[in-house]
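Source file: target01.cif (mmCIF, C-alpha atoms)
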data_start
#
loop_
_atom_site.label_atom_id
_atom_site.label_comp_id
_atom_site.auth_asym_id
_atom_site.auth_seq_id
_atom_site.Cartn_x
_atom_site.Cartn_y
_atom_site.Cartn_z
CA MET A 1 134.00 111.43 118.55
CA PRO A 2 131.88 110.70 115.48
CA PHE A 3 128.20 110.17 116.10
CA ILE A 4 127.37 106.48 115.87
CA LEU A 5 124.21 105.89 113.88
CA PRO A 6 122.09 102.97 114.92
CA ASP A 7 121.17 100.50 112.25
CA LEU A 8 117.61 99.73 111.23
CA HIS A 9 117.04 96.20 110.18
CA ILE A 10 113.37 95.34 110.28
CA GLU A 11 112.53 91.67 110.15
CA MET A 12 109.21 89.93 109.85
CA PRO A 13 108.68 87.06 112.25
CA GLY A 14 109.59 83.70 110.75
CA TRP A 15 106.05 82.32 110.86
CA VAL A 16 104.67 84.84 108.33
CA ALA A 17 106.07 83.17 105.22
CA SER A 18 104.73 79.73 106.17
CA PHE A 19 101.38 81.25 107.18
CA LEU A 20 101.04 82.85 103.76
CA ALA A 21 101.94 79.61 102.01
CA ARG A 22 98.51 78.32 103.11
CA TYR A 23 96.81 80.66 100.66
CA PRO A 24 97.15 79.65 97.02
CA GLU A 25 97.21 82.68 94.73
CA PRO A 26 95.51 84.46 93.16
CA ILE A 27 93.00 84.98 95.94
CA ASP A 28 89.87 85.67 94.04
CA THR A 29 87.39 87.46 96.30
CA PRO A 30 87.67 90.51 98.55
CA ARG A 31 86.37 88.46 101.47
CA LYS A 32 89.11 85.85 101.09
CA ARG A 33 91.74 88.57 100.80
CA MET A 34 90.49 90.13 104.02
CA GLU A 35 90.67 86.72 105.67
CA VAL A 36 94.42 86.74 105.07
CA ALA A 37 94.78 90.14 106.81
CA ILE A 38 92.63 89.01 109.74
CA GLY A 39 94.45 85.67 109.88
CA LEU A 40 97.73 87.54 110.20
CA SER A 41 96.30 89.67 113.02
CA LEU A 42 95.19 86.56 114.92
CA GLU A 43 98.44 84.70 114.33
CA ASN A 44 100.39 87.76 115.50
CA VAL A 45 98.53 87.57 118.82
CA LYS A 46 99.06 83.81 119.19
CA ARG A 47 102.79 84.00 118.59
CA THR A 48 104.38 85.31 121.74
CA ASN A 49 107.95 86.54 121.93
CA ALA A 50 110.70 85.31 124.27
CA SER A 51 109.11 87.22 127.17
CA GLY A 52 105.70 85.67 126.50
CA GLN A 53 104.38 88.89 125.00
CA PRO A 54 102.05 88.63 122.00
CA GLY A 55 102.23 90.91 118.97
CA GLY A 56 99.57 93.60 118.52
CA PRO A 57 96.27 92.32 117.03
CA PHE A 58 96.65 93.99 113.65
CA GLY A 59 97.37 92.61 110.19
CA ALA A 60 97.48 94.08 106.71
CA VAL A 61 98.22 92.86 103.21
CA VAL A 62 98.96 94.58 99.90
CA PHE A 63 97.37 92.76 96.96
CA ASP A 64 97.74 93.45 93.30
CA GLU A 65 94.74 93.87 90.99
CA ASP A 66 94.54 90.11 90.36
CA GLY A 67 94.60 89.10 94.03
CA ARG A 68 98.27 88.21 94.10
CA LEU A 69 99.90 88.89 97.42
CA VAL A 70 102.50 91.63 97.17
CA ALA A 71 103.42 92.00 100.84
CA PRO A 72 102.07 91.27 104.31
CA GLY A 73 102.35 93.31 107.48
CA VAL A 74 101.81 92.64 111.15
CA ASN A 75 102.18 94.99 114.06
CA ARG A 76 105.81 95.00 115.18
CA VAL A 77 105.76 97.92 117.63
CA MET A 78 106.66 96.01 120.77
CA ALA A 79 108.69 93.36 118.96
CA GLU A 80 110.99 95.91 117.31
CA ASN A 81 110.64 98.73 119.88
CA ASN A 82 109.42 100.96 117.08
CA SER A 83 106.17 102.91 117.36
CA VAL A 84 105.98 103.42 113.59
CA LEU A 85 105.65 99.73 112.76
CA HIS A 86 101.90 99.36 112.58
CA ALA A 87 100.74 96.55 110.31
CA GLU A 88 99.81 98.91 107.45
CA ILE A 89 103.18 100.67 107.53
CA VAL A 90 105.03 97.36 107.47
CA ALA A 91 102.95 96.09 104.54
CA LEU A 92 103.45 99.32 102.57
CA MET A 93 107.22 99.41 103.17
CA LEU A 94 107.62 95.75 102.22
CA ALA A 95 105.46 96.17 99.10
CA GLN A 96 107.52 99.15 97.96
CA LYS A 97 110.73 97.27 98.65
CA LYS A 98 109.49 94.27 96.71
CA LEU A 99 108.35 96.31 93.71
CA GLY A 100 111.29 98.73 93.85
CA THR A 101 109.24 101.93 93.97
CA PHE A 102 107.99 104.50 96.47
CA ASP A 103 104.86 104.87 94.36
CA LEU A 104 102.66 101.78 94.29
CA SER A 105 100.42 103.51 91.73
CA PHE A 106 103.26 103.50 89.21
CA GLY A 107 102.48 107.05 88.14
CA GLY A 108 98.73 106.58 88.43
CA THR A 109 98.60 103.54 86.15
CA ARG A 110 97.93 100.87 88.77
CA ALA A 111 95.54 100.42 91.69
CA LEU A 112 96.95 98.07 94.29
CA ALA A 113 94.85 97.38 97.36
CA LEU A 114 95.73 97.49 101.03
CA TYR A 115 93.59 95.22 103.16
CA THR A 116 93.78 96.03 106.85
CA SER A 117 92.17 94.21 109.75
CA THR A 118 91.21 97.53 111.43
CA GLU A 119 90.62 101.02 110.01
CA PRO A 120 93.89 102.97 109.88
CA CYS A 121 95.04 105.25 112.71
CA ALA A 122 96.06 108.88 112.23
CA MET A 123 99.59 107.94 111.15
CA CYS A 124 98.64 105.10 108.79
CA PHE A 125 95.99 107.33 107.23
CA GLY A 126 98.74 109.71 106.13
CA ALA A 127 101.03 106.85 105.11
CA VAL A 128 98.38 105.40 102.79
CA CYS A 129 98.00 108.82 101.12
CA TRP A 130 101.72 108.88 100.23
CA SER A 131 102.04 105.22 99.27
CA GLY A 132 100.30 105.11 95.91
CA ILE A 133 97.73 102.57 97.15
CA GLY A 134 94.56 102.77 95.03
CA HIS A 135 92.06 100.96 97.24
CA LEU A 136 91.88 100.65 101.01
CA VAL A 137 89.77 97.82 102.43
CA CYS A 138 89.09 97.77 106.18
CA GLY A 139 87.75 95.11 108.56
CA ALA A 140 87.02 96.33 112.10
CA ALA A 141 85.84 99.92 112.50
CA THR A 142 87.45 102.60 114.59
CA ARG A 143 84.66 102.27 117.15
CA ASP A 144 85.32 98.53 117.44
CA ALA A 145 88.96 99.23 118.27
CA GLU A 146 88.02 102.00 120.67
CA ALA A 147 85.40 99.82 122.37
CA VAL A 148 88.17 97.53 123.62
CA GLY A 149 90.51 100.36 124.60
CA PHE A 150 92.60 101.14 121.52
CA ASP A 151 93.12 104.66 120.28
CA GLU A 152 93.20 105.59 116.60
CA GLY A 153 94.67 108.99 117.32
CA PRO A 154 93.70 112.39 115.92
CA ARG A 155 92.94 111.24 112.40
CA HIS A 156 91.35 113.77 110.07
CA PRO A 157 87.62 113.81 110.95
CA ASP A 158 86.67 113.39 107.28
CA TRP A 159 89.25 110.73 106.56
CA ILE A 160 87.24 108.71 104.05
CA ARG A 161 86.35 111.78 102.02
CA GLU A 162 89.98 112.90 102.14
CA PHE A 163 91.08 109.54 100.73
CA GLU A 164 88.49 109.71 97.99
CA ALA A 165 89.53 113.27 97.10
CA ARG A 166 92.98 111.81 96.43
CA GLY A 167 91.61 109.06 94.25
CA ILE A 168 91.88 106.34 96.88
CA ARG A 169 88.82 104.13 97.00
CA VAL A 170 87.72 103.02 100.48
CA THR A 171 85.72 99.97 101.53
CA THR A 172 84.84 99.57 105.21
CA GLY A 173 83.38 96.80 107.34
CA LEU A 174 84.47 93.76 105.32
CA CYS A 175 84.48 90.77 107.72
CA ARG A 176 84.07 93.30 110.49
CA LYS A 177 82.79 90.74 112.99
CA GLU A 178 85.74 88.41 112.49
CA ALA A 179 88.23 91.27 112.68
CA THR A 180 86.64 92.65 115.85
CA ALA A 181 86.73 89.20 117.44
CA VAL A 182 90.55 89.25 117.20
CA LEU A 183 90.72 92.62 118.96
CA ARG A 184 88.50 91.28 121.72
CA THR A 185 90.50 88.07 122.08
CA TYR A 186 93.72 90.04 122.45
CA VAL A 187 92.30 92.21 125.21
CA ALA A 188 90.49 89.34 126.96
CA ASP A 189 93.77 87.40 127.03
CA GLY A 190 95.47 90.32 128.80
CA GLY A 191 97.32 91.75 125.77
CA VAL A 192 98.91 95.10 126.49
CA ILE A 193 97.31 98.21 125.05
CA TYR A 194 100.68 99.86 124.99
CA ASN A 195 101.34 103.46 124.63
CA ALA A 196 103.54 106.44 124.49
CA GLY A 197 103.30 108.01 127.90
CA GLY A 198 100.97 105.58 129.59
CA PRO A 199 99.18 102.29 129.15
CA SER A 200 96.07 103.51 127.34
CA ASN A 201 97.03 105.77 124.48
CA ASN A 202 98.04 103.79 121.44
CA ARG A 203 96.63 101.62 118.82
CA GLY A 204 99.38 99.68 117.15
CA MET B 1 106.20 77.77 96.98
CA PRO B 2 106.73 79.68 100.21
CA PHE B 3 106.21 83.41 100.03
CA ILE B 4 109.57 85.19 99.99
CA LEU B 5 109.57 88.19 102.31
CA PRO B 6 111.69 91.11 101.30
CA ASP B 7 114.15 92.37 103.85
CA LEU B 8 114.09 95.92 105.20
CA HIS B 9 117.48 97.32 105.97
CA ILE B 10 117.32 101.08 106.26
CA GLU B 11 120.63 102.87 106.13
CA MET B 12 121.46 106.51 106.68
CA PRO B 13 123.76 108.03 104.08
CA GLY B 14 127.40 107.93 105.14
CA TRP B 15 127.78 111.71 105.34
CA VAL B 16 125.34 112.08 108.24
CA ALA B 17 127.71 110.88 110.97
CA SER B 18 130.52 113.21 109.89
CA PHE B 19 128.08 116.09 109.46
CA LEU B 20 126.90 115.66 113.05
CA ALA B 21 130.46 115.51 114.34
CA ARG B 22 130.67 119.24 113.57
CA TYR B 23 128.30 120.00 116.43
CA PRO B 24 129.82 119.57 119.89
CA GLU B 25 127.24 118.45 122.44
CA PRO B 26 125.31 119.46 124.38
CA ILE B 27 123.80 121.98 122.01
CA ASP B 28 122.58 124.62 124.37
CA THR B 29 119.94 126.72 122.62
CA PRO B 30 116.79 125.83 120.67
CA ARG B 31 118.05 127.93 117.77
CA LYS B 32 121.30 125.98 117.51
CA ARG B 33 119.41 122.70 117.72
CA MET B 34 117.18 123.78 114.87
CA GLU B 35 120.27 124.72 112.87
CA VAL B 36 121.29 121.05 112.99
CA ALA B 37 117.92 119.96 111.56
CA ILE B 38 118.06 122.61 108.84
CA GLY B 39 121.71 121.79 108.15
CA LEU B 40 120.72 118.17 107.57
CA SER B 41 117.95 119.25 105.18
CA LEU B 42 120.40 121.34 103.15
CA GLU B 43 123.09 118.67 103.13
CA ASN B 44 120.53 116.09 102.02
CA VAL B 45 119.80 118.24 98.98
CA LYS B 46 123.48 118.79 98.16
CA ARG B 47 124.36 115.10 98.29
CA THR B 48 123.11 113.52 95.13
CA ASN B 49 122.84 109.80 94.59
CA ALA B 50 124.42 107.73 91.82
CA SER B 51 121.81 109.03 89.34
CA GLY B 52 122.50 112.65 90.29
CA GLN B 53 119.26 112.88 92.25
CA PRO B 54 119.28 114.90 95.48
CA GLY B 55 117.52 113.82 98.67
CA GLY B 56 114.33 115.59 99.73
CA PRO B 57 114.88 118.95 101.50
CA PHE B 58 113.83 117.80 104.94
CA GLY B 59 115.78 117.13 108.12
CA ALA B 60 114.86 116.29 111.70
CA VAL B 61 116.66 115.56 114.94
CA VAL B 62 115.64 114.06 118.27
CA PHE B 63 117.35 115.80 121.20
CA ASP B 64 117.26 114.89 124.85
CA GLU B 65 116.37 117.42 127.56
CA ASP B 66 120.00 118.58 127.83
CA GLY B 67 120.51 119.16 124.11
CA ARG B 68 122.30 115.89 123.46
CA LEU B 69 121.64 114.47 120.07
CA VAL B 70 119.73 111.20 120.21
CA ALA B 71 119.12 110.59 116.51
CA PRO B 72 119.03 112.42 113.20
CA GLY B 73 116.75 111.91 110.24
CA VAL B 74 116.79 112.96 106.62
CA ASN B 75 114.25 112.26 103.92
CA ARG B 76 115.04 108.88 102.35
CA VAL B 77 111.92 108.38 100.23
CA MET B 78 113.58 108.34 96.82
CA ALA B 79 116.88 106.95 98.09
CA GLU B 80 115.26 103.88 99.67
CA ASN B 81 112.14 103.70 97.48
CA ASN B 82 110.04 103.99 100.61
CA SER B 83 107.29 106.60 100.92
CA VAL B 84 107.24 106.27 104.72
CA LEU B 85 110.79 107.51 105.21
CA HIS B 86 110.19 111.19 105.85
CA ALA B 87 112.88 112.85 107.96
CA GLU B 88 110.75 112.83 111.13
CA ILE B 89 109.92 109.12 110.80
CA VAL B 90 113.59 108.24 110.29
CA ALA B 91 114.63 110.30 113.34
CA LEU B 92 111.94 108.73 115.52
CA MET B 93 112.74 105.17 114.44
CA LEU B 94 116.47 105.69 114.97
CA ALA B 95 115.91 107.33 118.38
CA GLN B 96 113.74 104.45 119.53
CA LYS B 97 116.27 101.94 118.26
CA LYS B 98 119.08 103.74 120.04
CA LEU B 99 117.21 103.98 123.35
CA GLY B 100 115.64 100.52 123.07
CA THR B 101 112.04 101.64 123.53
CA PHE B 102 108.94 102.37 121.46
CA ASP B 103 108.03 105.06 124.01
CA LEU B 104 110.43 108.00 124.05
CA SER B 105 108.52 109.44 127.04
CA PHE B 106 109.59 106.45 129.15
CA GLY B 107 106.14 106.15 130.68
CA GLY B 108 105.57 109.88 130.81
CA THR B 109 108.75 110.62 132.78
CA ARG B 110 110.79 112.24 130.01
CA ALA B 111 110.22 114.94 127.39
CA LEU B 112 112.51 114.49 124.41
CA ALA B 113 112.22 116.99 121.59
CA LEU B 114 111.85 116.47 117.86
CA TYR B 115 113.23 119.36 115.81
CA THR B 116 112.00 119.30 112.24
CA SER B 117 112.95 121.63 109.40
CA THR B 118 109.31 121.80 108.20
CA GLU B 119 106.02 121.28 110.02
CA PRO B 120 105.01 117.59 109.91
CA CYS B 121 102.77 116.16 107.19
CA ALA B 122 99.62 114.15 107.89
CA MET B 123 101.57 110.92 108.41
CA CYS B 124 104.34 112.36 110.57
CA PHE B 125 101.72 114.15 112.67
CA GLY B 126 100.31 110.76 113.65
CA ALA B 127 103.76 109.24 114.07
CA VAL B 128 104.76 111.96 116.55
CA CYS B 129 101.61 111.22 118.59
CA TRP B 130 102.64 107.55 119.00
CA SER B 131 106.35 108.14 119.56
CA GLY B 132 106.41 109.52 123.07
CA ILE B 133 108.02 112.79 121.95
CA GLY B 134 107.29 115.57 124.46
CA HIS B 135 108.10 118.65 122.42
CA LEU B 136 107.85 119.30 118.70
CA VAL B 137 109.82 122.22 117.29
CA CYS B 138 109.21 123.26 113.67
CA GLY B 139 111.10 125.50 111.24
CA ALA B 140 109.29 126.21 107.96
CA ALA B 141 105.50 126.40 108.07
CA THR B 142 103.08 124.32 106.06
CA ARG B 143 102.33 127.33 103.85
CA ASP B 144 106.06 127.76 103.12
CA ALA B 145 106.22 124.17 101.90
CA GLU B 146 103.02 124.53 99.92
CA ALA B 147 104.21 127.80 98.37
CA VAL B 148 106.95 125.91 96.54
CA GLY B 149 104.72 122.98 95.57
CA PHE B 150 104.92 120.46 98.40
CA ASP B 151 101.85 118.90 99.91
CA GLU B 152 101.47 118.20 103.63
CA GLY B 153 98.48 115.96 103.05
CA PRO B 154 95.16 115.81 104.89
CA ARG B 155 96.52 116.51 108.34
CA HIS B 156 94.00 117.11 111.11
CA PRO B 157 92.87 120.75 110.72
CA ASP B 158 93.50 121.42 114.45
CA TRP B 159 96.80 119.60 114.57
CA ILE B 160 98.54 121.83 117.10
CA ARG B 161 95.64 121.66 119.52
CA GLU B 162 95.51 117.88 119.04
CA PHE B 163 99.17 117.61 119.95
CA GLU B 164 98.69 119.76 123.02
CA ALA B 165 95.67 117.71 124.10
CA ARG B 166 98.04 114.74 124.18
CA GLY B 167 100.61 116.58 126.25
CA ILE B 168 102.94 117.33 123.33
CA ARG B 169 104.24 120.88 123.40
CA VAL B 170 104.57 122.57 119.99
CA THR B 171 106.83 125.43 118.91
CA THR B 172 106.52 126.74 115.36
CA GLY B 173 108.50 129.11 113.18
CA LEU B 174 111.96 128.67 114.73
CA CYS B 175 114.50 129.73 112.06
CA ARG B 176 111.63 129.69 109.62
CA LYS B 177 113.43 131.87 107.08
CA GLU B 178 116.50 129.63 106.95
CA ALA B 179 114.37 126.49 106.73
CA THR B 180 112.23 127.94 103.94
CA ALA B 181 115.36 128.96 102.03
CA VAL B 182 116.33 125.27 101.77
CA LEU B 183 112.92 124.36 100.34
CA ARG B 184 113.28 127.14 97.76
CA THR B 185 116.81 126.11 96.85
CA TYR B 186 115.70 122.54 96.26
CA VAL B 187 112.91 123.58 93.92
CA ALA B 188 114.98 126.25 92.16
CA ASP B 189 117.67 123.64 91.46
CA GLY B 190 115.09 121.40 89.80
CA GLY B 191 114.58 118.95 92.68
CA VAL B 192 111.70 116.56 92.09
CA ILE B 193 108.50 117.11 94.03
CA TYR B 194 107.81 113.43 93.81
CA ASN B 195 104.57 111.81 94.42
CA ALA B 196 102.31 108.85 94.54
CA GLY B 197 100.28 109.04 91.39
CA GLY B 198 101.84 112.03 89.75
CA PRO B 199 104.60 114.56 90.08
CA SER B 200 102.90 117.05 92.39
CA ASN B 201 101.29 115.31 95.29
CA ASN B 202 103.82 114.60 97.97
CA ARG B 203 105.88 116.24 100.58
CA GLY B 204 108.64 113.91 101.67
#
For the file at hand, write its structure as structure tokens.
Amino acid sequence: MPFILPDLHIEMPGWVASFLARYPEPIDTPRKRMEVAIGLSLENVKRTNASGQPGGPFGAVVFDEDGRLVAPGVNRVMAENNSVLHAEIVALMLAQKKLGTFDLSFGGTRALALYTSTEPCAMCFGAVCWSGIGHLVCGAATRDAEAVGFDEGPRHPDWIREFEARGIRVTTGLCRKEATAVLRTYVADGGVIYNAGGPSNNRG
Amino acid sequence: MPFILPDLHIEMPGWVASFLARYPEPIDTPRKRMEVAIGLSLENVKRTNASGQPGGPFGAVVFDEDGRLVAPGVNRVMAENNSVLHAEIVALMLAQKKLGTFDLSFGGTRALALYTSTEPCAMCFGAVCWSGIGHLVCGAATRDAEAVGFDEGPRHPDWIREFEARGIRVTTGLCRKEATAVLRTYVADGGVIYNAGGPSNNRG
């Protein structure tokens, strides 16, 4: 019997496109760009699925150099039963799909930015390295995520220096308070800190 | 104008299902299971796309505890223009899709194995941590990949210990020679060591 391969069709929730339509482009300041990423993280928590389960409290957006939105991402781990689909991964995959390249730096000639509502976990750290992103901008810090029970995983201890060594600029703590508030809201409302192997070992 | 979201439909190349049909299940030894992962890596190199470009020389397979094949993965970075689609990521996503869960440990009750033709890069290292995989089995070593020009990225320096601290068993160097031979073949045949930002900074 031939092996039947499952099919991977990854869809963004329907509300994302209308949410983004609220933001006329280009979006001219870093703070306003981060507000889009944080807005996505909050909206992802508010929108529950058929079983009343909210999405993980994480959002990310790829912007071009002029502040034009290339692609959004929200955490889709529980929604798609796929532990890879953190917000950053979704945004990077959609941006590459949209621009038709696996290298968002276009051979080192461009510097697109990834705005993420929380500093990247161990996996997303590696994914950003391979993506061709030129500038990573983070909202909530790792310790903010950990303070409410999330786990960023065994990321390289010198992750910011490692990014910079690869020519990826890093900005941390932009709208940190607002981003952290979303994490807290999610947990206070009883959102699951899901996991592989138990209820307390993942970040999403 | 509403933002148009691109669609992500990730397909495995057609040859994978017939390739796997050669291996009657269950596959009863670790060595034979690794041969499937290495076989996929070699076949991925041999099968060129419409532009004559081979796939990256990396294969991975998720097996259940009895040696039944759950899902295969091959590097699809260039084929799908998606820098996330390393062989391990593809195998994990397909396995989770097939089993309908983002936690392949099923709450810590199962220990599925991921066989990979080369030790995981920085991104796949993190992805394995979140996947619920219980046992990681590697063929070629990081230094074998680096010796022919690949880059595993800024993976945590103590990656094996970090896996073990999370209850993930690690076996290295299984069929290392055979796995390394595929990496060498790919490079000797002029396969691209593609990259974000230049031709020499990625692993696939």
Expansion of the PyMOL selection byres ((chain B and resi 164-168) around 7) into residues, as a compact mmCIF listing (two decimals) with C-alpha atoms, in the frame of the given file:
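Contents of selection.txt, freshly written:
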# COMPACT_ATOMS: atom_id res chain seq x y z
CA ILE B 133 108.02 112.79 121.95
CA GLY B 134 107.29 115.57 124.46
CA HIS B 135 108.10 118.65 122.42
CA ILE B 160 98.54 121.83 117.10
CA ARG B 161 95.64 121.66 119.52
CA GLU B 162 95.51 117.88 119.04
CA PHE B 163 99.17 117.61 119.95
CA ARG B 169 104.24 120.88 123.40
CA VAL B 170 104.57 122.57 119.99
Could you list, as a count of residues only, every residue within 12 Å of Pro24 in chain B, counting all atoms listed in the file and ignoring same-chain residues fewer than 6 positions away?
10
Using all atoms listed in the file, I'd like every residue of chain B that has an atom within 7 Å of chain A; please write them out as a PyMOL selection string.
chain B and resi 1-11+17-18+20-21+77-78+81-84+93-94+96-98+100-103+105-108+122-127+130-132+153-156+162+195-198+202
Please provide as a VMD selection string all residues within 10 Å of Ala181 in chain B, with the sequence filter that same-chain residues fewer than 3 positions apart are discarded (counting all atoms listed in the file).
chain B and resid 38 42 140 144 176 to 178 184 to 186
Provide the CA of Ser41 in chain A to CA of Ala91 in chain B distance in Å, to one decimal place.
27.6 Å
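Distance-wise, CA of Arg31 in chain A and CA of Gly173 in chain A end up 10.6 Å apart.
The spacing separating CA of Asp28 in chain B from CA of Tyr115 in chain B amounts to 13.7 Å.
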Identify, on the basis of all atoms listed in the file, every residue whose closest approach to Leu114 in chain B does not exceed 8 Å; exclude the query and any residue fewer than 4 positions from it along the same chain; express the result as a count of residues only.
9
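Using all atoms listed in the file for every distance, the candidate list A:Val182, A:Leu174, A:Leu40, A:Val187 yields A:Leu174 as the residue closest to Cys138 in chain A.
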Fewer than 6 positions away in the same chain doesn't count, so skip those; otherwise give me all residues within 10 Å of Pro54 in chain A, counting only C-alpha atoms, as a PDB file with C-alpha atoms, in the frame of the given file.
ATOM      1  CA  GLU A  43      98.440  84.700 114.330  1.00  0.00           C
ATOM      2  CA  ASN A  44     100.390  87.760 115.500  1.00  0.00           C
ATOM      3  CA  VAL A  45      98.530  87.570 118.820  1.00  0.00           C
ATOM      4  CA  LYS A  46      99.060  83.810 119.190  1.00  0.00           C
ATOM      5  CA  ARG A  47     102.790  84.000 118.590  1.00  0.00           C
ATOM      6  CA  THR A  48     104.380  85.310 121.740  1.00  0.00           C
ATOM      7  CA  MET A  78     106.660  96.010 120.770  1.00  0.00           C
ATOM      8  CA  ALA A  79     108.690  93.360 118.960  1.00  0.00           C
ATOM      9  CA  TYR A 186      93.720  90.040 122.450  1.00  0.00           C
ATOM     10  CA  ASP A 189      93.770  87.400 127.030  1.00  0.00           C
ATOM     11  CA  GLY A 190      95.470  90.320 128.800  1.00  0.00           C
ATOM     12  CA  GLY A 191      97.320  91.750 125.770  1.00  0.00           C
ATOM     13  CA  VAL A 192      98.910  95.100 126.490  1.00  0.00           C
TER      14      VAL A 192
END
